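Colleague: What follows is target.tsv, made up of TSV, C-alpha atoms:
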chain	number	residue	atom	x	y	z
A	1	MET	CA	-47.13	-19.43	37.14
A	2	THR	CA	-49.46	-16.59	36.14
A	3	SER	CA	-52.32	-17.19	33.74
A	4	SER	CA	-50.47	-15.12	31.13
A	5	GLU	CA	-47.43	-17.39	31.42
A	6	GLU	CA	-49.62	-20.49	31.24
A	7	TYR	CA	-51.30	-19.10	28.14
A	8	ARG	CA	-47.93	-18.46	26.48
A	9	HIS	CA	-46.70	-21.94	27.38
A	10	GLN	CA	-49.85	-23.44	25.87
A	11	ILE	CA	-49.32	-21.50	22.65
A	12	MET	CA	-45.73	-22.73	22.44
A	13	ARG	CA	-46.86	-26.32	23.06
A	14	ASP	CA	-49.49	-25.97	20.35
A	15	LEU	CA	-46.94	-24.55	17.91
A	16	SER	CA	-44.47	-27.34	18.58
A	17	GLU	CA	-47.25	-29.82	17.78
A	18	GLY	CA	-48.21	-27.95	14.62
A	19	ASN	CA	-51.46	-26.56	16.05
A	20	VAL	CA	-51.67	-22.87	15.13
A	21	GLU	CA	-55.33	-22.33	15.99
A	22	SER	CA	-54.45	-21.12	19.50
A	23	LEU	CA	-52.65	-18.15	17.94
A	24	ASP	CA	-55.92	-16.67	16.78
A	25	ASP	CA	-56.15	-14.64	19.99
A	26	VAL	CA	-52.54	-13.43	19.96
A	27	SER	CA	-51.61	-10.22	18.21
A	28	TYR	CA	-48.77	-7.78	18.51
A	29	ASP	CA	-48.91	-4.04	17.96
A	30	ASN	CA	-45.55	-4.02	16.18
A	31	PHE	CA	-42.32	-5.94	16.03
A	32	ASP	CA	-40.92	-4.32	19.17
A	33	ASP	CA	-44.03	-5.47	21.02
A	34	PHE	CA	-43.41	-9.02	19.75
A	35	ALA	CA	-39.73	-8.89	20.78
A	36	GLN	CA	-40.56	-7.53	24.24
A	37	ARG	CA	-43.49	-9.83	24.98
A	38	THR	CA	-41.80	-13.04	23.93
A	39	THR	CA	-38.90	-14.71	25.69
A	40	THR	CA	-35.77	-16.10	24.09
A	41	ASP	CA	-37.17	-19.58	24.74
A	42	GLN	CA	-40.43	-18.74	23.01
A	43	ARG	CA	-38.62	-17.30	19.99
A	44	ARG	CA	-36.32	-20.35	19.96
A	45	GLN	CA	-39.40	-22.58	19.73
A	46	LEU	CA	-40.96	-20.44	17.01
A	47	PHE	CA	-37.81	-20.56	14.91
A	48	GLY	CA	-37.11	-24.21	15.76
A	49	ARG	CA	-38.07	-26.04	12.63
A	50	SER	CA	-38.66	-23.28	10.12
A	51	VAL	CA	-35.26	-21.57	10.03
A	52	ASN	CA	-33.02	-23.83	8.00
A	53	PRO	CA	-31.71	-24.02	4.43
A	54	GLN	CA	-34.30	-26.68	3.52
A	55	GLN	CA	-37.21	-24.36	4.41
A	56	ILE	CA	-35.80	-21.02	3.24
A	57	PRO	CA	-33.24	-21.38	0.43
A	58	PRO	CA	-29.91	-19.61	0.92
A	59	SER	CA	-30.51	-17.74	-2.35
A	60	GLN	CA	-33.48	-16.09	-0.65
A	61	MET	CA	-32.04	-15.76	2.85
A	62	GLU	CA	-28.59	-14.32	2.11
A	63	PRO	CA	-29.69	-11.09	0.37
A	64	GLU	CA	-32.29	-10.56	3.10
A	65	LEU	CA	-29.67	-11.00	5.80
A	66	GLN	CA	-27.39	-8.49	4.11
A	67	LYS	CA	-30.17	-5.89	3.93
A	68	ALA	CA	-31.38	-6.59	7.47
A	69	ILE	CA	-27.95	-6.50	9.09
A	70	ALA	CA	-27.12	-3.26	7.27
A	71	GLN	CA	-30.22	-1.66	8.83
A	72	ILE	CA	-29.78	-2.62	12.47
A	73	LYS	CA	-28.06	-0.22	14.85
A	74	SER	CA	-24.29	-0.63	15.11
A	75	ASN	CA	-24.44	-1.64	18.79
A	76	GLU	CA	-27.03	-4.33	17.94
A	77	ARG	CA	-24.83	-5.49	15.05
A	78	ASP	CA	-21.94	-5.82	17.52
A	79	ASP	CA	-24.14	-7.94	19.76
A	80	VAL	CA	-25.14	-10.14	16.83
A	81	ALA	CA	-21.49	-10.66	15.86
A	82	ARG	CA	-20.55	-11.47	19.48
A	83	ALA	CA	-23.37	-13.99	19.70
A	84	PHE	CA	-22.28	-15.74	16.49
A	85	PHE	CA	-18.64	-15.86	17.64
A	86	LYS	CA	-19.65	-17.19	21.07
A	87	HIS	CA	-21.77	-20.01	19.67
A	88	LEU	CA	-19.35	-20.89	16.88
A	89	LYS	CA	-16.50	-20.99	19.40
A	90	SER	CA	-18.46	-23.61	21.34
A	91	ARG	CA	-18.14	-25.76	18.18
A	92	GLY	CA	-14.39	-25.32	18.08
A	93	LEU	CA	-14.36	-22.48	15.53
A	94	ASP	CA	-12.28	-19.64	16.92
A	95	ASP	CA	-12.68	-16.07	15.77
A	96	LYS	CA	-9.21	-15.90	14.17
A	97	HIS	CA	-9.97	-18.93	12.00
A	98	LEU	CA	-13.37	-17.50	11.04
A	99	GLU	CA	-11.80	-14.13	10.20
A	100	GLN	CA	-9.48	-15.84	7.72
A	101	GLN	CA	-11.98	-18.36	6.35
A	102	LEU	CA	-14.73	-15.79	5.76
A	103	ASN	CA	-12.35	-13.00	4.71
A	104	LEU	CA	-13.64	-10.67	7.44
A	105	SER	CA	-12.08	-7.23	7.79
A	106	THR	CA	-11.64	-7.86	11.53
A	107	ARG	CA	-12.61	-10.30	14.23
A	108	ASN	CA	-13.40	-7.53	16.69
A	109	PRO	CA	-17.23	-7.29	16.84
A	110	ASN	CA	-17.00	-3.57	17.69
A	111	ARG	CA	-15.26	-2.83	14.39
A	112	MET	CA	-17.04	-5.28	12.10
A	113	THR	CA	-18.89	-3.93	9.09
A	114	ALA	CA	-22.40	-4.97	8.16
A	115	ASP	CA	-20.84	-7.06	5.38
A	116	ASP	CA	-18.65	-8.88	7.92
A	117	VAL	CA	-21.63	-9.71	10.13
A	118	SER	CA	-23.61	-10.81	7.06
A	119	ARG	CA	-20.83	-13.23	6.11
A	120	LEU	CA	-20.80	-14.60	9.63
A	121	ALA	CA	-24.59	-15.00	9.62
A	122	SER	CA	-24.57	-16.68	6.18
A	123	PHE	CA	-21.83	-19.07	7.32
A	124	ALA	CA	-23.89	-20.04	10.36
A	125	TYR	CA	-27.06	-20.39	8.28
A	126	HIS	CA	-25.34	-22.79	5.84
A	127	ASN	CA	-23.17	-24.76	8.21
A	128	HIS	CA	-24.74	-24.45	11.66
A	129	PRO	CA	-28.46	-23.64	11.27
A	130	ASP	CA	-29.04	-24.41	14.95
A	131	ILE	CA	-26.60	-21.66	15.90
A	132	PHE	CA	-28.26	-19.31	13.42
A	133	ARG	CA	-31.64	-20.00	15.04
A	134	GLU	CA	-30.20	-19.49	18.52
A	135	VAL	CA	-28.72	-16.10	17.59
A	136	LEU	CA	-32.05	-15.04	16.02
A	137	ALA	CA	-33.80	-16.00	19.25
A	138	GLU	CA	-31.26	-14.08	21.35
A	139	GLN	CA	-31.00	-11.08	18.99
A	140	PRO	CA	-34.43	-10.68	17.37
A	141	GLY	CA	-33.59	-7.23	15.97
A	142	ILE	CA	-32.40	-8.83	12.72
A	143	ILE	CA	-35.87	-10.16	11.99
A	144	LYS	CA	-37.39	-6.70	12.14
A	145	PHE	CA	-35.75	-5.78	8.84
A	146	LEU	CA	-36.27	-8.99	6.87
A	147	SER	CA	-38.74	-8.76	4.01
A	148	ASN	CA	-42.27	-10.02	4.55
A	149	PRO	CA	-42.07	-13.41	2.78
A	150	VAL	CA	-38.90	-14.43	4.61
A	151	VAL	CA	-40.20	-13.23	7.97
A	152	ALA	CA	-43.42	-15.14	7.42
A	153	GLY	CA	-41.36	-18.22	6.56
A	154	ILE	CA	-39.36	-17.85	9.74
A	155	ILE	CA	-41.97	-17.26	12.39
A	156	GLY	CA	-45.15	-18.24	10.63
A	157	ILE	CA	-48.45	-17.18	12.09
A	158	ALA	CA	-46.98	-14.85	14.73
A	159	ALA	CA	-45.14	-12.94	12.01
A	160	ALA	CA	-48.21	-12.83	9.82
A	161	LYS	CA	-50.22	-11.28	12.66
A	162	TRP	CA	-47.45	-8.77	13.34
A	163	LEU	CA	-47.21	-7.86	9.67
A	164	GLY	CA	-50.99	-7.57	9.42
A	165	SER	CA	-51.04	-5.07	12.27
A	166	ARG	CA	-48.43	-2.90	10.50
A	167	LYS	CA	-50.64	-2.27	7.47
Output the structure of this file as structure tokens.
Modeller:
Amino acid sequence: MTSSEEYRHQIMRDLSEGNVESLDDVSYDNFDDFAQRTTTDQRRQLFGRSVNPQQIPPSQMEPELQKAIAQIKSNERDDVARAFFKHLKSRGLDDKHLEQQLNLSTRNPNRMTADDVSRLASFAYHNHPDIFREVLAEQPGIIKFLSNPVVAGIIGIAAAKWLGSRK
């Protein structure tokens, strides 16, 4: 393992134990830098405890998701929808059932509207927060467009450093 990998693993261990002091030396130039320099596992750990309806109320998260999903590229939105369907299917929820239950215009991720994907994301956030966190870790593009308070609530110190570098 390289020293860079060891350093990242130490930061993740510190975060999981609630120690954020080790993040003082970590900064990202922008969100894309954060998304490229962190792994899915690292993002999964960052989102682990903070992305759930008890930490960020649905009344705050849902409008942010709608705005964020509307702003991501259509091919990324397709990927987000596919990821939600894949993980929800592993829980026994098939796409046809979800299409009916959530009143989606289609169950084909390539033809889903931003509103459809937002409904899917909100459903996961309310009913399967672990799946929501997993999709965020796999598809971090959504986070890029969330407003500052929500982003800070989701990824804490790393987000605050990223947002600070954007000013």
Colleague: With distances taken over all atoms listed in the file, which residue among A:Glu64, A:Asp41, A:Asp79, A:Asp116 lies nearest Leu102 of chain A?
Modeller: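 Once distances to Leu102 of chain A are computed over all atoms listed in the file, the minimum belongs to A:Asp116.
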Colleague: Which is closer to His97 of chain A than all the others in A:Val117, A:Ile143, A:Asp33, A:Phe85, using only C-alpha atoms?
Modeller: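 The shortest atom-to-atom distance to His97 of chain A comes from A:Phe85.
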Colleague: If you measure from atom CA of Ser122 of chain A to atom CA of Gln71 of chain A, what distance in Å do you get, rounded to one decimal?
Modeller: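 Taking atom CA of Ser122 of chain A and atom CA of Gln71 of chain A, their separation equals 16.3 Å.
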Colleague: What does the distance from atom CA of Ile72 of chain A to atom CA of Gln55 of chain A come to in Å, to one decimal?
Modeller: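 Computed distance, atom CA of Ile72 of chain A to atom CA of Gln55 of chain A, equals 24.3 Å.
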Colleague: I need the residue nearest Lys144 of chain A from this list: A:Lys96, A:His87, A:Lys67, A:Arg44. Use all atoms listed in the file for the distance.
Modeller: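 Among the listed residues, A:Lys67 lies closest to Lys144 of chain A.
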Colleague: Using all atoms listed in the file, which residues sit within 10 Å of Thr39 of chain A once same-chain residues fewer than 4 positions away are excluded, as an MDAnalysis selection string?
Modeller: chainID A and resid 8 34:35 43:45 137:138
Colleague: Can you tell me how far atom CA of Glu62 of chain A sits from atom CA of Leu98 of chain A, in Å to one decimal?
Modeller: 17.9 Å
Colleague: Counting all atoms listed in the file, which residue out of A:His128, A:Arg133, A:Arg119, A:Arg111 sits closest to Leu46 of chain A?
Modeller: A:Arg133
Colleague: With 4 Å of padding per side, what axis-aligned box (centre and edge lengths, Å, one decimal) covers all the listed atoms of segment 62-66 of chain A? Give it as lines of an AutoDock Vina configuration file.
Modeller:
center_x = -29.8
center_y = -11.4
center_z = 3.1
size_x = 12.9
size_y = 13.8
size_z = 13.4
Colleague: Hey, what's within 10 Å of Asn75 of chain A if we count only C-alpha atoms and toss same-chain stuff fewer than 6 positions away? As a PyMOL selection string, please?
Modeller: chain A and resi 81+109-110
Colleague: Go ahead and write the residues just picked, C-alpha atoms, as a compact mmCIF listing (two decimals), in the coordinates of the input.
Modeller:
# COMPACT_ATOMS: atom_id res chain seq x y z
CA ALA A 81 -21.49 -10.66 15.86
CA PRO A 109 -17.23 -7.29 16.84
CA ASN A 110 -17.00 -3.57 17.69
Colleague: Which residues are near Pro129 of chain A? Cut-off 8 Å, all atoms listed in the file, ignore same chain within fewer than 3 positions. Put them as a list of chain:residue names.
Modeller: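 Counting all atoms listed in the file, the residues come to A:Val51, A:Asn52, A:Pro53, A:Ala124, A:Tyr125, A:His126, A:Phe132, A:Arg133.
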